[in-house]
file my_file.txt (compact mmCIF, C-alpha atoms)
# COMPACT_ATOMS: atom_id res chain seq x y z
CA MET I 745 -1.89 -41.90 -91.89
CA SER I 746 -0.36 -40.08 -88.90
CA LYS I 747 -0.96 -41.50 -85.46
CA ASN I 748 -3.28 -39.78 -82.99
CA HIS I 749 -1.22 -38.56 -80.00
CA ILE I 750 -4.08 -37.13 -77.89
CA THR I 751 -3.78 -39.92 -75.33
CA GLN I 752 -0.05 -39.35 -74.92
CA SER I 753 -0.58 -35.57 -74.62
CA ILE I 754 -3.18 -36.00 -71.89
CA LEU I 755 -0.86 -38.42 -70.08
CA ILE I 756 2.01 -35.92 -70.19
CA ILE I 757 -0.26 -33.15 -68.79
CA LEU I 758 -1.38 -35.41 -65.95
CA VAL I 759 2.21 -36.32 -65.12
CA ILE I 760 3.20 -32.62 -65.03
CA LEU I 761 0.25 -31.72 -62.79
CA ALA I 762 1.02 -34.61 -60.46
CA SER I 763 4.67 -33.54 -60.28
CA LEU I 764 3.74 -29.93 -59.46
CA LEU I 765 1.31 -31.07 -56.77
CA LEU I 766 4.01 -33.27 -55.25
CA VAL I 767 6.56 -30.45 -55.24
CA SER I 768 4.00 -28.06 -53.69
CA LEU I 769 3.68 -30.44 -50.73
CA ILE I 770 7.43 -30.46 -50.16
CA GLY I 771 7.75 -26.70 -49.62
CA GLU I 772 10.96 -24.72 -49.90
CA PHE I 773 14.24 -26.64 -49.96
CA THR I 774 17.88 -26.01 -50.78
CA VAL I 775 20.29 -28.07 -52.86
CA GLY I 776 23.83 -26.77 -52.46
CA ASN I 777 23.70 -23.03 -53.12
CA ILE I 778 20.42 -23.22 -55.04
CA LYS I 779 17.21 -22.42 -53.17
CA PHE I 780 13.92 -23.77 -54.52
CA LYS I 781 10.79 -21.84 -53.58
CA LYS I 782 7.46 -23.44 -52.81
CA ILE I 783 5.20 -23.98 -55.84
CA ASN I 784 1.50 -23.17 -55.63
CA ILE I 785 -0.30 -23.99 -58.90
CA ILE I 786 -3.60 -22.45 -57.71
CA LYS I 787 -2.05 -19.19 -56.48
CA ASP I 788 -3.74 -17.13 -59.21
CA ILE I 789 -7.24 -18.12 -58.08
CA GLN I 790 -6.64 -17.69 -54.37
CA GLU I 791 -7.60 -14.48 -52.63
CA ASP I 792 -4.47 -12.38 -52.26
CA THR I 793 -4.49 -10.19 -49.16
CA THR I 794 -0.83 -9.24 -49.32
CA MET I 795 -1.26 -5.63 -50.51
CA THR I 796 -4.08 -5.03 -48.04
CA VAL I 797 -1.80 -6.12 -45.21
CA VAL I 798 0.98 -3.89 -46.57
CA ALA I 799 -1.40 -0.91 -46.58
CA GLN I 800 -2.50 -1.59 -43.01
CA GLN I 801 1.09 -1.86 -41.79
CA ILE I 802 2.16 1.29 -43.64
CA ASN I 803 -0.66 3.24 -42.02
CA GLN I 804 0.40 1.94 -38.60
CA ALA I 805 4.16 2.16 -39.07
CA ASP I 806 6.39 4.87 -37.70
CA SER I 807 8.05 5.95 -40.94
CA SER I 808 11.06 7.34 -39.08
CA LYS I 809 11.93 3.92 -37.63
CA ASN I 810 10.45 1.10 -39.66
CA PHE I 811 12.07 0.58 -43.04
CA SER I 812 11.46 -3.17 -43.45
CA LEU I 813 7.90 -4.45 -43.25
CA LYS I 814 7.02 -8.09 -42.72
CA ILE I 815 4.05 -9.14 -44.81
CA ASP I 816 1.92 -12.08 -43.73
CA SER I 817 0.90 -13.63 -47.02
CA VAL I 818 -1.94 -16.06 -47.63
CA GLU I 819 0.58 -18.83 -47.09
CA SER I 820 1.53 -17.47 -43.61
CA ARG I 821 5.10 -16.86 -44.72
CA ASN I 822 7.06 -13.64 -44.24
CA THR I 823 8.29 -11.61 -47.18
CA ASN I 824 10.60 -8.69 -46.43
CA ILE I 825 10.56 -5.42 -48.33
CA GLU I 826 14.20 -4.36 -48.19
CA ASP I 827 15.57 -0.82 -48.21
CA PHE I 828 18.84 -0.77 -50.16
CA SER I 829 19.59 2.95 -49.64
CA SER I 830 22.82 3.65 -47.72
CA ASP I 831 21.13 5.36 -44.79
CA LYS I 832 18.00 3.17 -44.81
CA SER I 833 15.76 6.20 -45.37
CA GLY I 834 14.41 5.48 -48.86
CA LEU I 835 11.41 3.38 -47.90
CA GLY I 836 10.76 5.64 -44.94
CA PHE I 837 10.18 8.58 -47.28
CA PHE I 838 8.02 6.41 -49.54
CA PHE I 839 5.80 5.12 -46.73
CA SER I 840 5.51 8.60 -45.28
CA SER I 841 4.43 9.91 -48.69
CA LEU I 842 1.79 7.19 -49.06
CA LYS I 843 0.18 8.39 -45.84
CA ASN I 844 -0.29 11.82 -47.47
CA SER I 845 -1.48 10.57 -50.88
CA ARG I 846 -5.03 11.80 -50.23
CA ARG I 847 -3.68 15.35 -49.95
CA LYS I 848 -0.90 15.48 -52.55
CA PRO I 849 0.39 13.29 -55.40
CA VAL I 850 2.95 10.52 -54.90
CA ARG I 851 5.08 9.55 -57.91
CA VAL I 852 6.80 6.22 -58.47
CA ALA I 853 9.35 5.99 -61.29
CA PHE I 854 9.35 2.40 -62.59
CA PHE I 855 12.47 1.76 -64.72
CA GLY I 856 12.80 -1.42 -66.76
CA ASP I 857 13.62 -2.90 -70.15
CA SER I 858 11.28 -4.56 -72.65
CA PHE I 859 9.76 -6.60 -69.80
CA ILE I 860 7.58 -3.58 -68.84
CA GLU I 861 6.93 -2.28 -72.36
CA GLY I 862 3.31 -1.62 -73.12
CA ASP I 863 2.69 -1.09 -69.37
CA ILE I 864 3.08 -4.81 -68.69
CA LEU I 865 3.48 -5.32 -64.93
CA CYS I 866 3.35 -1.55 -64.23
CA ALA I 867 -0.39 -1.42 -64.97
CA ASN I 868 -1.27 -3.94 -62.26
CA PHE I 869 1.17 -2.35 -59.81
CA ARG I 870 -0.36 1.08 -60.52
CA ASP I 871 -3.94 -0.13 -60.23
CA THR I 872 -3.22 -1.81 -56.89
CA LEU I 873 -1.60 1.30 -55.39
CA GLN I 874 -4.34 3.58 -56.73
CA HIS I 875 -7.03 1.27 -55.34
CA LEU I 876 -5.41 1.50 -51.90
CA TYR I 877 -4.20 5.11 -51.87
CA GLY I 878 -6.19 6.97 -54.53
CA GLY I 879 -5.25 8.40 -57.87
CA ARG I 880 -6.52 8.18 -61.44
CA GLY I 881 -4.38 8.16 -64.55
CA VAL I 882 -1.41 6.39 -66.11
CA GLY I 883 1.15 9.05 -65.25
CA PHE I 884 3.93 9.89 -67.70
CA VAL I 885 3.67 8.89 -71.38
CA PRO I 886 6.40 9.80 -73.93
CA ILE I 887 5.72 11.59 -77.20
CA THR I 888 6.54 8.54 -79.32
CA SER I 889 6.80 4.88 -78.41
CA GLU I 890 7.67 1.70 -80.27
CA VAL I 891 4.95 -0.14 -78.37
CA SER I 892 2.13 2.40 -78.51
CA LYS I 893 -0.05 0.05 -80.57
CA PHE I 894 -0.24 -2.70 -77.99
CA ARG I 895 -0.36 -0.62 -74.80
CA THR I 896 -3.89 -1.05 -73.41
CA THR I 897 -3.82 1.51 -70.57
CA ILE I 898 -3.91 4.48 -72.97
CA GLN I 899 -4.43 4.99 -76.71
CA HIS I 900 -1.47 6.77 -78.27
CA SER I 901 -0.65 7.81 -81.85
CA TYR I 902 1.88 10.25 -83.32
CA SER I 903 3.59 11.39 -86.52
CA ASN I 904 6.58 13.48 -87.65
CA TRP I 905 8.86 13.53 -84.63
CA LYS I 906 12.65 13.24 -84.34
CA THR I 907 13.66 10.96 -81.46
CA PHE I 908 16.84 11.07 -79.37
CA SER I 909 17.47 8.52 -76.64
CA ILE I 910 20.08 6.98 -74.40
CA VAL I 911 20.02 3.80 -76.51
CA GLY I 912 19.59 5.50 -79.89
CA GLU I 913 20.70 8.70 -81.60
CA LYS I 914 22.28 11.25 -79.24
CA ASN I 915 23.30 14.89 -79.43
CA GLU I 916 25.28 16.70 -76.75
CA LEU I 917 23.12 19.80 -77.31
CA ILE I 918 19.90 17.89 -76.66
CA PRO I 919 19.49 16.90 -73.00
CA LEU I 920 17.52 13.72 -72.42
CA GLY I 921 14.70 13.56 -69.92
CA THR I 922 14.18 11.27 -66.94
CA SER I 923 12.77 8.63 -69.27
CA GLY I 924 15.99 8.64 -71.33
CA TYR I 925 14.28 10.25 -74.33
CA CYS I 926 13.83 13.65 -75.96
CA PHE I 927 11.67 14.54 -78.98
CA ILE I 928 11.88 17.34 -81.55
CA PRO I 929 8.78 18.27 -83.58
CA LEU I 930 9.11 18.18 -87.38
CA GLU I 931 6.82 19.80 -89.93
CA GLU I 932 3.14 18.77 -89.59
CA ASN I 933 3.85 17.02 -86.31
CA GLU I 934 1.13 15.76 -84.01
CA VAL I 935 0.60 13.45 -81.07
CA GLU I 936 -2.76 12.22 -79.84
CA TYR I 937 -3.79 10.54 -76.60
CA LYS I 938 -7.12 8.90 -75.77
CA PRO I 939 -8.33 6.99 -72.70
CA ALA I 940 -7.92 3.24 -72.56
CA ILE I 941 -10.36 1.13 -74.56
CA LYS I 942 -10.71 -1.50 -71.85
CA GLY I 943 -9.95 -2.13 -68.21
CA ARG I 944 -10.05 0.85 -65.86
CA THR I 945 -11.14 3.45 -68.41
CA PHE I 946 -11.24 7.09 -67.28
CA ASN I 947 -11.57 10.26 -69.29
CA PHE I 948 -8.74 12.76 -68.78
CA HIS I 949 -9.16 15.68 -66.39
CA HIS I 950 -5.61 16.91 -65.76
CA ILE I 951 -2.77 16.75 -68.28
CA LYS I 952 0.78 18.04 -67.84
CA LEU I 953 3.20 18.70 -70.71
CA PHE I 954 6.97 18.76 -70.21
CA LEU I 955 9.15 20.73 -72.62
CA LYS I 956 12.01 23.19 -73.10
CA ASN I 957 12.29 26.06 -75.55
CA ARG I 958 15.01 28.69 -75.61
CA LEU I 959 13.12 30.80 -78.17
CA PRO I 960 9.47 31.94 -78.26
CA SER I 961 7.13 29.49 -79.94
CA ASN I 962 3.57 28.20 -79.65
CA TYR I 963 1.56 25.01 -79.57
CA SER I 964 -2.04 24.07 -80.17
CA TYR I 965 -4.21 21.35 -78.71
CA THR I 966 -7.57 19.97 -79.76
CA LEU I 967 -9.93 18.48 -77.20
CA ASN I 968 -12.49 15.84 -78.18
CA ASP I 969 -11.80 16.53 -81.89
CA THR I 970 -13.71 19.83 -81.71
CA LEU I 971 -12.29 22.44 -79.31
CA LYS I 972 -8.99 23.86 -80.54
CA PHE I 973 -6.76 26.19 -78.56
CA THR I 974 -3.46 27.86 -79.45
CA GLU I 975 -1.13 28.89 -76.65
CA PRO I 976 2.17 30.80 -76.71
CA LEU I 977 5.37 29.31 -75.36
CA GLU I 978 7.61 31.88 -73.76
CA ALA I 979 11.36 31.46 -74.03
CA GLN I 980 12.70 29.47 -71.07
CA HIS I 981 16.02 27.79 -70.40
CA GLN I 982 14.53 25.58 -67.70
CA LEU I 983 12.15 22.66 -68.07
CA GLN I 984 8.56 23.88 -68.38
CA GLU I 985 5.45 22.17 -67.03
CA LEU I 986 2.28 23.17 -68.86
CA ASN I 987 -1.10 22.24 -67.40
CA ILE I 988 -4.35 21.50 -69.25
CA SER I 989 -7.45 20.89 -67.14
CA GLU I 990 -10.93 20.22 -68.47
CA GLU I 991 -13.78 17.91 -67.50
CA ASN I 992 -14.14 14.62 -69.38
CA ILE I 993 -11.44 14.92 -72.03
CA GLN I 994 -12.05 12.00 -74.40
CA SER I 995 -9.08 12.85 -76.60
CA ILE I 996 -6.32 15.43 -76.88
CA LYS I 997 -4.29 16.12 -80.00
CA LEU I 998 -1.14 18.25 -79.67
CA GLN I 999 0.73 20.11 -82.40
CA PHE I 1000 3.86 22.22 -81.96
CA LYS I 1001 5.33 25.01 -84.04
CA THR I 1002 8.69 23.78 -85.30
CA THR I 1003 11.66 25.74 -83.95
CA ASP I 1004 15.25 24.60 -83.54
CA SER I 1005 15.08 25.23 -79.81
CA LEU I 1006 11.91 23.31 -78.92
CA LEU I 1007 12.46 20.05 -77.01
CA VAL I 1008 9.44 18.01 -75.91
CA TYR I 1009 9.63 15.17 -73.40
CA GLY I 1010 6.12 13.85 -72.86
CA ALA I 1011 2.79 14.23 -71.09
CA SER I 1012 1.43 13.04 -67.77
CA PHE I 1013 -2.17 12.04 -67.09
CA GLU I 1014 -3.07 12.36 -63.44
CA GLU I 1015 -5.14 13.99 -60.71
CA PRO I 1016 -4.05 16.45 -58.00
CA THR I 1017 -3.85 13.64 -55.42
CA GLY I 1018 -3.14 9.90 -55.33
CA VAL I 1019 -0.34 7.61 -56.49
CA TYR I 1020 1.11 7.62 -60.02
CA VAL I 1021 3.46 5.01 -61.45
CA ASP I 1022 5.45 6.36 -64.41
CA ASN I 1023 6.49 3.64 -66.85
CA PHE I 1024 10.06 4.37 -67.99
CA SER I 1025 10.70 1.38 -70.23
CA MET I 1026 13.92 1.18 -72.23
CA ARG I 1027 14.22 -1.65 -74.75
CA GLY I 1028 17.45 -3.56 -74.28
call {"tool": "encode", "arguments": {"input": "my_file.txt", "output": "C-alpha cells"}}
result
Amino acid sequence: MSKNHITQSILIILVILASLLLVSLIGEFTVGNIKFKKINIIKDIQEDTTMTVVAQQINQADSSKNFSLKIDSVESRNTNIEDFSSDKSGLGFFFSSLKNSRRKPVRVAFFGDSFIEGDILCANFRDTLQHLYGGRGVGFVPITSEVSKFRTTIQHSYSNWKTFSIVGEKNELIPLGTSGYCFIPLEENEVEYKPAIKGRTFNFHHIKLFLKNRLPSNYSYTLNDTLKFTEPLEAQHQLQELNISEENIQSIKLQFKTTDSLLVYGASFEEPTGVYVDNFSMRG
C-alpha cells in the first residue's frame, strides 16, 4: 500500500506561506545587480485604488508639461509611468485624449504575443479604462483567429477564409493591416460575431468593417439571424471603413462576394465616444 502524504503536503504549504510572509516583511532589497520587489500575498483581495488615483491626476495634469505621473499605490510607494518617446510627447497626447473621451473615441493599440491571446490581460485593462473614461465594446476583432473559441469577451466563428499574416503566408500584392493580418473570402465564406456570454455583456450598437477592393463587389450581413441586408462595395484603392448601426444587435453574420481584389481586415465593436483597447495579438 502507498503511504499517505497529506501531512507532508500540508507541512510544505505551511512552510511556503511562512516564507512568503517573512519575505513580505523584509520589503524590497538588492543582491548585486538583482533587485527583489516586495511580496504581498494578499494583494489580490486588497482594495486597489491605483487606477482611480491615475484618473484623478490625469484630469488635473497639464498635458503639455507632465509626462510622468507618480501614482500613490495602496502600499504608499511611487510607481512611475515612463514616456519613452524621443520628444517626451507620447503620454502627453494620450492623457490629453483621455480628457476628451466623453466627446470622441480614444483608441489604444495593444500589441503582444500569445500572452494576450483570447483577450487575456487586455480585457481587464479595457474594462478599467472604460469604467473610468467611458466606452462600450471590445474594439477591433480580426476575421479569423486561432483562439476564437476561448475568447470570452466576444463570441466569434468563421469559415472559408484565406489568411495572410506577418508570421504566416505572405504575398507582396496583399498588404497586411495594422494587426499584421489580411483575409481573403473564399466561396461560401462567412464570419459571425455575438456579444460575450459572460462578464460585461453588451449587445452591439455600432460596428465598423475595414476592407479594400479595387473592383466593384458586394457584401451581405444578417442581424439577429433574421434581418438580412445586401450592400454594394464600390471600387476603392484606399482602405474603406463601413459602418453598421442598429439598436441591440445580438448577432451579426457577414458574407462577402468573392472577387480577386477584395481584402478584408476585421471589424470593430464600439460606441461614438469612450476608450477602446484593440487586441493585436501575434502568436510567437
call {"tool": "closest_residue", "arguments": {"input": "my_file.txt", "among": "I:Phe1000, I:Phe859, I:Phe946, I:Phe839", "to": "Gln899 in chain I", "atoms": "all atoms listed in the file"}}
result
I:Phe946
call {"tool": "residues_around", "arguments": {"input": "my_file.txt", "residues": "Ser845 in chain I", "least_positions_apart": "4", "cutoff": "12 Å", "atoms": "all atoms listed in the file", "output": "list in words"}}
result
Asn803, Phe838, Phe839, Ser840, Ser841, Pro849, Val850, Arg851, Leu873, Gln874, His875, Leu876, Tyr877, Gly878, Gly879, Arg880, Glu1015, Pro1016, Thr1017, Gly1018, Val1019 and Tyr1020 of chain I
call {"tool": "atom_distance", "arguments": {"input": "my_file.txt", "atom1": "CA of Leu842 in chain I", "atom2": "CA of Ser989 in chain I"}}
result
24.5 Å
call {"tool": "closest_residue", "arguments": {"input": "my_file.txt", "among": "I:Thr922, I:Ser768, I:Ser892, I:Asn777", "to": "Phe855 in chain I", "atoms": "only C-alpha atoms"}}
result
I:Thr922
call {"tool": "residues_around", "arguments": {"input": "my_file.txt", "residues": "range 974-983 of chain I", "least_positions_apart": "5", "cutoff": "7 Å", "atoms": "all atoms listed in the file", "output": "VMD selection string"}}
result
chain I and resid 954 to 965
call {"tool": "axis_aligned_box", "arguments": {"input": "my_file.txt", "around": "range 897-915 of chain I", "padding_each_side": "5 Å", "output": "JSON"}}
result
{"center_x": 9.4, "center_y": 8.2, "center_z": -79.1, "size_x": 37.7, "size_y": 23.4, "size_z": 27.1}
call {"tool": "residues_around", "arguments": {"input": "my_file.txt", "residues": "Ile918 in chain I", "least_positions_apart": "3", "cutoff": "9 Å", "atoms": "all atoms listed in the file", "output": "list in words"}}
result
Phe908, Lys914, Asn915, Cys926 and Leu1007 of chain I
call {"tool": "write_last_selection", "arguments": {"input": "my_file.txt", "atoms": "C-alpha atoms", "output": "PDB file, in the frame of the given file"}}
result
ATOM      1  CA  PHE I 908      16.840  11.070 -79.370  1.00  0.00           C
ATOM      2  CA  LYS I 914      22.280  11.250 -79.240  1.00  0.00           C
ATOM      3  CA  ASN I 915      23.300  14.890 -79.430  1.00  0.00           C
ATOM      4  CA  CYS I 926      13.830  13.650 -75.960  1.00  0.00           C
ATOM      5  CA  LEU I1007      12.460  20.050 -77.010  1.00  0.00           C
TER       6      LEU I1007
END
call {"tool": "residues_around", "arguments": {"input": "my_file.txt", "residues": "Tyr937 in chain I", "least_positions_apart": "3", "cutoff": "7 Å", "atoms": "all atoms listed in the file", "output": "PyMOL selection string"}}
result
chain I and resi 899-901+995-997
call {"tool": "residues_around", "arguments": {"input": "my_file.txt", "residues": "Lys781 in chain I", "least_positions_apart": "6", "cutoff": "12 Å", "atoms": "all atoms listed in the file", "output": "short mmCIF file (atom, residue, chain, number, x, y, z; two decimals) with C-alpha atoms, in the frame of the given file"}}
result
data_model
loop_
_atom_site.label_atom_id
_atom_site.label_comp_id
_atom_site.auth_asym_id
_atom_site.auth_seq_id
_atom_site.Cartn_x
_atom_site.Cartn_y
_atom_site.Cartn_z
CA VAL I 767 6.56 -30.45 -55.24
CA SER I 768 4.00 -28.06 -53.69
CA LEU I 769 3.68 -30.44 -50.73
CA ILE I 770 7.43 -30.46 -50.16
CA GLY I 771 7.75 -26.70 -49.62
CA GLU I 772 10.96 -24.72 -49.90
CA PHE I 773 14.24 -26.64 -49.96
CA THR I 774 17.88 -26.01 -50.78
CA VAL I 775 20.29 -28.07 -52.86
CA ARG I 821 5.10 -16.86 -44.72
#
call {"tool": "atom_distance", "arguments": {"input": "my_file.txt", "atom1": "CA of Asn987 in chain I", "atom2": "CA of Phe884 in chain I"}}
result
13.3 Å
call {"tool": "atom_distance", "arguments": {"input": "my_file.txt", "atom1": "CA of Val935 in chain I", "atom2": "CA of Ile898 in chain I"}}
result
12.9 Å
call {"tool": "closest_residue", "arguments": {"input": "my_file.txt", "among": "I:Ile789, I:Val1021, I:Ile928, I:Met1026", "to": "Phe854 in chain I", "atoms": "all atoms listed in the file"}}
result
I:Val1021
call {"tool": "closest_residue", "arguments": {"input": "my_file.txt", "among": "I:Ser830, I:Asn748, I:Ser1025, I:Asn784", "to": "Ser923 in chain I", "atoms": "only C-alpha atoms"}}
result
I:Ser1025
call {"tool": "closest_residue", "arguments": {"input": "my_file.txt", "among": "I:Asn844, I:Thr896, I:Asn947, I:Thr970", "to": "Ala867 in chain I", "atoms": "all atoms listed in the file"}}
result
I:Thr896
call {"tool": "closest_residue", "arguments": {"input": "my_file.txt", "among": "I:His949, I:Lys747, I:Arg895, I:Lys782", "to": "Gly881 in chain I", "atoms": "only C-alpha atoms"}}
result
I:His949
call {"tool": "decode", "arguments": {"input": "my_file.txt", "residues": "range 861-872 of chain I", "atoms": "all heavy atoms", "output": "compact mmCIF listing (two decimals), in the first residue's frame"}}
result
# COMPACT_ATOMS: atom_id res chain seq x y z
N GLU I 861 -3.34 36.55 -26.08
CA GLU I 861 -4.34 35.87 -26.90
C GLU I 861 -5.62 35.62 -26.11
O GLU I 861 -5.59 35.39 -24.90
CB GLU I 861 -3.79 34.53 -27.41
CG GLU I 861 -2.85 34.66 -28.58
CD GLU I 861 -2.44 33.31 -29.14
OE1 GLU I 861 -2.55 32.31 -28.40
OE2 GLU I 861 -2.02 33.24 -30.30
N GLY I 862 -6.73 35.65 -26.81
CA GLY I 862 -8.00 35.41 -26.15
C GLY I 862 -8.42 36.58 -25.27
O GLY I 862 -9.30 36.44 -24.42
N ASP I 863 -7.79 37.75 -25.47
CA ASP I 863 -8.07 38.96 -24.70
C ASP I 863 -7.61 38.86 -23.25
O ASP I 863 -8.09 39.59 -22.38
CB ASP I 863 -9.55 39.33 -24.75
CG ASP I 863 -9.75 40.79 -25.15
OD1 ASP I 863 -8.78 41.42 -25.57
OD2 ASP I 863 -10.87 41.30 -25.02
N ILE I 864 -6.70 37.92 -22.98
CA ILE I 864 -6.09 37.85 -21.64
C ILE I 864 -5.33 39.16 -21.40
O ILE I 864 -4.64 39.65 -22.28
CB ILE I 864 -5.15 36.64 -21.54
CG1 ILE I 864 -5.92 35.34 -21.72
CG2 ILE I 864 -4.39 36.64 -20.22
CD1 ILE I 864 -5.05 34.11 -21.84
N LEU I 865 -5.43 39.70 -20.23
CA LEU I 865 -4.83 40.96 -19.82
C LEU I 865 -5.53 42.16 -20.45
O LEU I 865 -5.94 43.09 -19.74
CB LEU I 865 -3.33 41.00 -20.14
CG LEU I 865 -2.59 42.28 -19.74
CD1 LEU I 865 -2.62 42.48 -18.24
CD2 LEU I 865 -1.15 42.26 -20.24
N CYS I 866 -5.70 42.17 -21.78
CA CYS I 866 -6.33 43.32 -22.44
C CYS I 866 -7.75 43.55 -21.93
O CYS I 866 -8.18 44.70 -21.82
CB CYS I 866 -6.36 43.10 -23.95
SG CYS I 866 -4.74 43.12 -24.72
N ALA I 867 -8.48 42.48 -21.64
CA ALA I 867 -9.88 42.63 -21.21
C ALA I 867 -9.96 43.44 -19.92
O ALA I 867 -10.78 44.36 -19.80
CB ALA I 867 -10.51 41.26 -21.03
N ASN I 868 -9.12 43.11 -18.93
CA ASN I 868 -9.14 43.85 -17.67
C ASN I 868 -8.67 45.28 -17.87
O ASN I 868 -9.22 46.22 -17.27
CB ASN I 868 -8.26 43.15 -16.63
CG ASN I 868 -8.84 41.82 -16.20
OD1 ASN I 868 -10.04 41.61 -16.27
ND2 ASN I 868 -7.98 40.92 -15.77
N PHE I 869 -7.64 45.47 -18.67
CA PHE I 869 -7.14 46.81 -18.97
C PHE I 869 -8.23 47.64 -19.63
O PHE I 869 -8.46 48.81 -19.28
CB PHE I 869 -5.91 46.69 -19.87
CG PHE I 869 -5.28 48.00 -20.24
CD1 PHE I 869 -4.87 48.90 -19.27
CD2 PHE I 869 -5.09 48.32 -21.57
CE1 PHE I 869 -4.28 50.11 -19.62
CE2 PHE I 869 -4.49 49.53 -21.93
CZ PHE I 869 -4.09 50.42 -20.96
N ARG I 870 -8.94 47.05 -20.60
CA ARG I 870 -10.02 47.74 -21.31
C ARG I 870 -11.17 48.09 -20.36
O ARG I 870 -11.68 49.22 -20.36
CB ARG I 870 -10.53 46.86 -22.46
CG ARG I 870 -11.63 47.50 -23.29
CD ARG I 870 -12.22 46.50 -24.28
NE ARG I 870 -11.22 45.97 -25.16
CZ ARG I 870 -10.86 44.68 -25.17
NH1 ARG I 870 -11.41 43.81 -24.31
NH2 ARG I 870 -9.95 44.25 -26.02
N ASP I 871 -11.58 47.12 -19.56
CA ASP I 871 -12.69 47.35 -18.64
C ASP I 871 -12.38 48.48 -17.66
O ASP I 871 -13.25 49.29 -17.34
CB ASP I 871 -13.03 46.07 -17.87
CG ASP I 871 -13.77 45.06 -18.73
OD1 ASP I 871 -14.20 45.43 -19.84
OD2 ASP I 871 -13.92 43.90 -18.30
N THR I 872 -11.13 48.51 -17.18
CA THR I 872 -10.75 49.55 -16.22
C THR I 872 -10.82 50.93 -16.87
O THR I 872 -11.39 51.87 -16.30
CB THR I 872 -9.33 49.30 -15.69
OG1 THR I 872 -9.29 48.03 -15.03
CG2 THR I 872 -8.91 50.38 -14.70
